[in-house]
Each structure stands twice: as structure tokens, then as C-alpha cells.
$ cat protein_34.txt   # compact mmCIF, C-alpha atoms
# COMPACT_ATOMS: atom_id res chain seq x y z
CA MET M 1 0.00 0.00 0.00
CA THR M 2 2.84 2.38 0.82
CA SER M 3 4.44 1.73 -2.56
CA ILE M 4 1.13 2.39 -4.35
CA LEU M 5 0.64 5.68 -2.51
CA LYS M 6 4.20 6.75 -3.33
CA ASP M 7 3.63 5.95 -7.03
CA ILE M 8 0.38 7.95 -7.03
CA ALA M 9 2.12 10.91 -5.36
CA LYS M 10 5.01 10.70 -7.82
CA VAL M 11 2.66 10.71 -10.84
CA TRP M 12 0.59 13.54 -9.30
CA VAL M 13 3.67 15.72 -8.76
CA ASN M 14 4.98 14.95 -12.24
CA GLU M 15 1.65 15.86 -13.89
CA TYR M 16 1.64 19.20 -12.06
CA LYS M 17 5.18 19.85 -13.29
CA LEU M 18 4.13 19.03 -16.86
CA VAL M 19 1.13 21.36 -16.68
CA PHE M 20 2.97 24.32 -15.11
CA SER M 21 5.91 23.98 -17.50
CA ASP M 22 3.67 23.99 -20.60
CA VAL M 23 2.74 27.49 -21.75
CA GLY M 24 -0.25 26.27 -23.76
CA ALA M 25 -1.66 24.31 -20.83
CA MET M 26 -1.22 27.30 -18.52
CA ILE M 27 -3.18 29.47 -20.94
CA PHE M 28 -6.08 27.02 -20.85
CA ILE M 29 -5.93 26.63 -17.07
CA ILE M 30 -5.57 30.29 -16.07
CA PHE M 31 -6.47 32.58 -18.97
CA LEU M 32 -9.53 30.75 -20.30
CA PRO M 33 -11.50 30.51 -17.01
CA LEU M 34 -10.81 34.21 -16.39
CA ALA M 35 -11.50 35.51 -19.90
CA TYR M 36 -14.77 33.67 -20.59
CA PRO M 37 -16.73 34.95 -17.54
CA ILE M 38 -15.55 38.49 -18.27
CA LEU M 39 -16.64 38.16 -21.89
CA TYR M 40 -20.09 36.84 -21.01
CA SER M 41 -20.48 39.49 -18.30
CA LEU M 42 -19.83 42.19 -20.90
CA ILE M 43 -22.35 40.64 -23.29
CA TYR M 44 -25.08 40.57 -20.63
CA ASN M 45 -23.93 43.72 -18.89
CA ARG M 46 -27.40 45.27 -18.91
CA GLU M 47 -28.77 42.25 -17.03
CA VAL M 48 -32.41 43.30 -17.58
CA VAL M 49 -33.25 45.19 -20.77
CA LYS M 50 -35.92 47.88 -20.43
CA GLU M 51 -37.14 50.90 -22.38
CA VAL M 52 -36.07 49.62 -25.80
CA PRO M 53 -36.46 52.60 -28.20
CA ILE M 54 -38.94 52.11 -31.04
CA VAL M 55 -40.36 54.30 -33.81
CA VAL M 56 -44.10 54.55 -34.51
CA VAL M 57 -45.44 55.14 -38.03
CA ASP M 58 -49.02 56.33 -37.48
CA GLU M 59 -50.88 56.65 -40.78
CA CYS M 60 -54.25 56.46 -39.01
CA ARG M 61 -53.84 59.63 -36.91
CA THR M 62 -56.92 59.06 -34.78
CA PRO M 63 -57.44 59.19 -31.01
CA MET M 64 -57.35 55.39 -30.89
CA SER M 65 -54.03 55.13 -32.74
CA ARG M 66 -52.53 57.81 -30.51
CA GLU M 67 -53.84 55.93 -27.47
CA TYR M 68 -52.18 52.77 -28.80
CA ALA M 69 -48.82 54.57 -29.06
CA ARG M 70 -49.23 56.04 -25.55
CA MET M 71 -49.96 52.60 -24.14
CA LEU M 72 -46.82 51.25 -25.79
CA ASP M 73 -44.76 54.07 -24.34
CA ALA M 74 -46.24 53.39 -20.88
CA THR M 75 -44.89 49.83 -20.79
CA GLU M 76 -41.55 49.18 -19.15
CA GLN M 77 -40.38 47.05 -22.05
CA VAL M 78 -40.28 49.71 -24.79
CA ARG M 79 -40.09 53.48 -25.23
CA VAL M 80 -41.54 55.41 -28.15
CA ALA M 81 -38.46 57.36 -29.18
CA ASP M 82 -40.15 59.26 -32.00
CA TYR M 83 -42.83 59.23 -34.69
CA ALA M 84 -41.84 58.75 -38.32
CA VAL M 85 -43.68 60.15 -41.31
CA ASN M 86 -43.37 56.97 -43.37
CA MET M 87 -41.70 53.58 -43.37
CA GLN M 88 -38.67 54.85 -45.29
CA GLU M 89 -37.83 57.31 -42.52
CA ALA M 90 -38.47 54.66 -39.86
CA ARG M 91 -36.14 52.19 -41.59
CA ARG M 92 -33.46 54.86 -41.83
CA ARG M 93 -33.65 55.56 -38.10
CA MET M 94 -33.54 51.86 -37.38
CA ALA M 95 -30.49 51.47 -39.62
CA GLU M 96 -28.79 54.33 -37.76
CA ARG M 97 -29.50 52.57 -34.42
CA GLU M 98 -31.76 55.35 -33.22
CA ALA M 99 -34.40 52.66 -32.64
CA TYR M 100 -34.56 48.87 -32.57
CA GLY M 101 -38.14 48.38 -33.68
CA ILE M 102 -40.91 49.86 -35.81
CA VAL M 103 -44.64 49.79 -35.10
CA TYR M 104 -46.76 50.56 -38.16
CA LEU M 105 -50.43 51.54 -37.78
CA PRO M 106 -52.23 51.60 -41.17
CA SER M 107 -54.86 54.18 -42.11
CA ASP M 108 -57.76 51.75 -41.54
CA PHE M 109 -56.70 50.77 -38.02
CA SER M 110 -59.38 52.66 -36.07
CA ARG M 111 -62.07 52.13 -38.75
CA ASN M 112 -61.71 48.37 -38.57
CA VAL M 113 -61.84 48.43 -34.79
CA GLY M 114 -65.00 50.58 -34.86
CA ARG M 115 -66.67 48.21 -37.30
CA GLY M 116 -65.88 45.23 -35.15
CA GLU M 117 -63.51 43.84 -37.76
CA GLN M 118 -60.03 42.56 -37.18
CA ALA M 119 -57.60 45.47 -37.14
CA ARG M 120 -54.12 45.07 -38.56
CA MET M 121 -50.84 46.48 -37.34
CA GLU M 122 -47.27 45.60 -38.28
CA ALA M 123 -44.14 45.36 -36.17
CA TYR M 124 -40.53 45.17 -37.33
CA CYS M 125 -37.85 44.17 -34.81
CA ASP M 126 -34.09 44.07 -34.75
CA MET M 127 -33.16 40.51 -33.76
CA SER M 128 -29.43 41.09 -33.36
CA VAL M 129 -30.05 40.99 -29.60
CA ILE M 130 -32.82 38.56 -28.67
CA LEU M 131 -33.63 40.45 -25.45
CA ARG M 132 -34.70 43.54 -27.40
CA TYR M 133 -36.85 41.43 -29.70
CA LYS M 134 -38.51 39.78 -26.68
CA ASN M 135 -39.26 43.15 -25.09
CA ILE M 136 -40.84 44.55 -28.26
CA VAL M 137 -43.02 41.47 -28.82
CA THR M 138 -44.05 41.38 -25.15
CA ALA M 139 -45.03 45.06 -25.14
CA ILE M 140 -47.06 44.75 -28.36
CA THR M 141 -48.84 41.63 -27.09
CA THR M 142 -49.68 43.32 -23.80
CA VAL M 143 -51.03 46.48 -25.44
CA ASN M 144 -53.06 44.51 -27.98
CA SER M 145 -54.72 42.54 -25.19
CA GLU M 146 -55.42 45.60 -23.05
CA LEU M 147 -56.74 47.68 -25.93
CA GLY M 148 -58.90 44.79 -27.12
CA GLY M 149 -60.35 44.47 -23.62
CA LYS M 150 -61.17 48.19 -23.52
CA VAL M 151 -62.91 48.01 -26.90
CA GLN M 152 -64.96 45.00 -25.81
CA MET M 153 -65.85 46.77 -22.55
CA GLY M 154 -67.05 49.81 -24.49
CA LYS M 155 -69.33 47.64 -26.60
CA VAL M 156 -70.72 45.89 -23.53
CA ASN M 157 -71.51 49.23 -21.88
CA GLN M 158 -73.59 50.22 -24.93
CA LEU M 159 -76.05 47.37 -24.28
CA GLU M 160 -79.44 48.05 -22.66
CA ASN M 161 -78.54 46.04 -19.56
CA PRO M 162 -74.75 46.11 -19.24
CA PRO M 163 -73.20 44.05 -16.43
CA SER M 164 -72.65 46.03 -13.26
CA GLY M 165 -69.26 46.72 -11.76
CA GLY M 166 -67.48 47.48 -15.03
CA VAL M 167 -65.99 43.97 -15.20
CA MET M 168 -63.80 43.28 -18.21
CA PRO M 169 -65.34 40.58 -20.41
CA ILE M 170 -61.95 38.84 -20.75
CA PRO M 171 -59.65 39.78 -17.86
CA PHE M 172 -55.99 40.10 -18.75
CA ARG M 173 -53.11 39.71 -16.35
CA MET M 174 -49.46 39.06 -17.18
CA VAL M 175 -47.64 36.59 -14.93
CA PRO M 176 -43.88 36.40 -15.58
CA VAL M 177 -42.45 32.89 -15.66
CA GLY M 178 -39.39 32.33 -13.51
CA ASN M 179 -37.48 34.79 -11.35
CA ASN M 180 -38.05 38.13 -13.05
CA SER M 181 -35.81 39.96 -10.57
CA MET M 182 -32.70 38.08 -11.75
CA GLY M 183 -30.87 39.38 -14.79
CA MET M 184 -29.69 37.29 -17.71
CA GLY M 185 -26.07 37.49 -16.65
CA SER M 186 -26.78 36.29 -13.10
CA ALA M 187 -28.83 33.39 -14.45
CA ILE M 188 -26.43 32.27 -17.19
CA ILE M 189 -22.93 32.77 -15.74
CA PRO M 190 -23.07 29.99 -13.06
CA GLY M 191 -24.04 27.36 -15.63
CA ILE M 192 -21.54 28.63 -18.17
CA LEU M 193 -18.76 28.61 -15.57
CA ALA M 194 -19.11 24.83 -15.10
CA LEU M 195 -18.88 24.32 -18.87
CA ILE M 196 -15.85 26.62 -19.04
CA LEU M 197 -14.02 24.62 -16.37
CA GLN M 198 -14.80 21.35 -18.14
CA GLN M 199 -13.63 22.76 -21.47
CA ALA M 200 -10.45 24.16 -19.88
CA PHE M 201 -9.54 20.79 -18.35
CA LEU M 202 -10.15 18.92 -21.61
CA LEU M 203 -8.06 21.41 -23.59
CA CYS M 204 -5.30 21.24 -20.99
CA ILE M 205 -5.23 17.42 -21.17
CA ALA M 206 -5.08 17.58 -24.97
CA CYS M 207 -2.28 20.16 -24.86
CA VAL M 208 -0.18 18.12 -22.41
CA SER M 209 -0.73 14.96 -24.50
CA ALA M 210 0.32 16.79 -27.67
CA THR M 211 3.51 18.03 -25.97
CA SER M 212 4.25 14.48 -24.83
CA ARG M 213 3.85 13.27 -28.41
CA GLU M 214 6.33 15.91 -29.61
CA ARG M 215 8.89 14.67 -27.04
CA ARG M 216 8.42 11.10 -28.25
CA LEU M 217 9.01 12.20 -31.85
CA ARG M 218 12.25 13.94 -30.85
CA HIS M 219 13.56 11.03 -28.75
CA ASN M 220 12.79 7.98 -30.89
CA GLY M 221 9.43 7.20 -29.31
CA VAL M 222 10.51 7.75 -25.69
CA ASP M 223 8.93 10.44 -23.48
CA THR M 224 11.84 11.64 -21.35
CA ARG M 225 9.51 13.14 -18.74
CA ARG M 226 7.34 10.10 -18.26
CA VAL M 227 7.16 8.58 -14.77
CA ASN M 228 8.11 4.91 -14.76
$ encode --input "protein_34.txt" --output "C-alpha cells"
Amino acid sequence: MTSILKDIAKVWVNEYKLVFSDVGAMIFIIFLPLAYPILYSLIYNREVVKEVPIVVVDECRTPMSREYARMLDATEQVRVADYAVNMQEARRRMAEREAYGIVYLPSDFSRNVGRGEQARMEAYCDMSVILRYKNIVTAITTVNSELGGKVQMGKVNQLENPPSGGVMPIPFRMVPVGNNSMGMGSAIIPGILALILQQAFLLCIACVSATSRERRLRHNGVDTRRVN
């Protein structure tokens, strides 16, 4: 047993010497675990994305379309940075990174709503950062549901015997899934750190094995630093 323990200790010490004497292995052991968390922290530096700037193209120009834009601006997900005259101007501002989304309200938006028909609106999102895209889609979905509920409530109140209490016909309430107080960086970095350590160890083993192969090629198939 004593001989086995001595052999294990000898191999353990020799492997540490091989790792710390190999520049490539040291890069994988020290530099990689430090650089990757910093890189991912910079990517998700904002943690929680709010107030994503968007541009509204309102060709309807009615109280309802203006109310729709105000409701969008009132959400915490997006911010109406400005109004554009047409889609060409909106695309230009989006290309210049003045905004990351476009909401287009056609001229028949309010008329279709008043007739009880399905109204149409268009949204264009920049998907270079998925968090911005999620915020824009979430804000539009929320406003569509709230505005639809208000329209339905207005029609119900026009009946001869409307229900008392002003109850919404289809109540709407958003319930976030998961821990909405934790940012993306705080949620992702712990899991990524385990993968980084595993990757660093595998790369270090491969680097030490490659260096051992080079020594065998130089010394007729014998690794001079191998423990016998």
C-alpha cells in the first residue's frame, strides 16, 4: 500500500510539473477561465433590458391610434423614441441605431376596430439581440390585449342592460415565468462557468498529450519526462 501511494504521489507531482511547465496548458488553465466569464459578463452587462427605443409610423392619426402609441410608451419594455412620417424614414432611423423596432399603424386601423372587424398592425424588430426582440413582442402583445379588452368593454356598456361593476369581459393579467428579478447574466454565468471549467480541463489534457507526443518524436518514441 505504501508503494502504491508513493507511485500515485510521484505521478501527481509529475503531472503538475508538466502542466505548469507547458505554456499552452497554462493558458487554458488560467487565462480561459478568467476571460470567458468576463466576456459573457460584458455581453449581458445590462442584465435586464428595459425601455427599448422604437419608432411609430401612425398613418391612421386618430385618437385610438394615438392611445395605442401612448400605451406602448407606458410599458416598461419599450419606449416610443419618436414618430416617423413613413416607413422609409423609420427604416433609416432603425439602420442608424436610433431605434430597434418599428410599429406601423395603417390608415384603416381605427375604422376596422370601430366596425368590429379585425384590425391590422405591423411590427418590425431588430433581432441582433434577442432580449430587445422579446421586449418589443411582449409590449405589443400586452397592449393589444389591453386595448382589445377596452374596446370590448365599451361595446358591452352600450347594451341596454350592461353588467354592473365594469368587469372586463376577458380579464388580462401578465404573470412572468421564472425569477423576473434576476438578470440574464446572473442566471447564465453559473451554468456557463461549469462548462468553461470542463472545457479548460479537456483542452489542458489535450495540450499536455500533444507536448508528450512531440517529445516522443524527438527522442525515438521515448517520453523523457514520463514517470516509470
$ axis_aligned_box --input "protein_34.txt" --around "segment 49-55 of chain M" --padding-each-side "4 Å" --output "AutoDock Vina command-line options"
--center_x -36.8 --center_y 49.7 --center_z -27.1 --size_x 15.1 --size_y 17.1 --size_z 21.4
$ atom_distance --input "protein_34.txt" --atom1 "atom CA of Gln77 of chain M" --atom2 "atom CA of Gln118 of chain M"
25.2 Å
$ residues_near_point --input "protein_34.txt" --point "(-54.4, 41.8, -38.6)" --cutoff "12 Å" --atoms "only C-alpha atoms" --output "PyMOL selection string"
chain M and resi 104-106+108-109+112-113+117-123+144
$ residues_around --input "protein_34.txt" --residues "Tyr16 of chain M" --least-positions-apart "4" --cutoff "12 Å" --atoms "only C-alpha atoms" --output "number ranges by chain"
M: 9-12, 20-22, 25-26, 29, 204-205, 208, 225
$ write_last_selection --input "protein_34.txt" --atoms "C-alpha atoms" --output "short mmCIF file (atom, residue, chain, number, x, y, z; two decimals), keeping the file's coordinate frame"
data_model
loop_
_atom_site.label_atom_id
_atom_site.label_comp_id
_atom_site.auth_asym_id
_atom_site.auth_seq_id
_atom_site.Cartn_x
_atom_site.Cartn_y
_atom_site.Cartn_z
CA ALA M 9 2.12 10.91 -5.36
CA LYS M 10 5.01 10.70 -7.82
CA VAL M 11 2.66 10.71 -10.84
CA TRP M 12 0.59 13.54 -9.30
CA PHE M 20 2.97 24.32 -15.11
CA SER M 21 5.91 23.98 -17.50
CA ASP M 22 3.67 23.99 -20.60
CA ALA M 25 -1.66 24.31 -20.83
CA MET M 26 -1.22 27.30 -18.52
CA ILE M 29 -5.93 26.63 -17.07
CA CYS M 204 -5.30 21.24 -20.99
CA ILE M 205 -5.23 17.42 -21.17
CA VAL M 208 -0.18 18.12 -22.41
CA ARG M 225 9.51 13.14 -18.74
#
$ residues_near_point --input "protein_34.txt" --point "(-19.9, 32.3, -17.5)" --cutoff "6 Å" --atoms "all atoms listed in the file" --output "NGL selection string"
:M and (37 or 40 or 189-190 or 192-193)
$ closest_residue --input "protein_34.txt" --among "M:Leu203, M:Val78, M:Leu72, M:Ala210" --to "Val143 of chain M" --atoms "all atoms listed in the file"
M:Leu72
$ atom_distance --input "protein_34.txt" --atom1 "atom CA of Gln199 of chain M" --atom2 "atom CA of Ser128 of chain M"
27.0 Å
$ atom_distance --input "protein_34.txt" --atom1 "atom CA of Lys50 of chain M" --atom2 "atom CA of Asp82 of chain M"
16.8 Å
$ closest_residue --input "protein_34.txt" --among "M:Ala74, M:Arg92, M:Gly191, M:Val55" --to "Tyr124 of chain M" --atoms "all atoms listed in the file"
M:Val55
$ residues_around --input "protein_34.txt" --residues "Arg79 of chain M" --least-positions-apart "2" --cutoff "7 Å" --atoms "all atoms listed in the file" --output "VMD selection string"
chain M and resid 51 to 54 73 81
$ closest_residue --input "protein_34.txt" --among "M:Asn14, M:Thr75, M:Thr62, M:Ser212" --to "Thr138 of chain M" --atoms "all atoms listed in the file"
M:Thr75
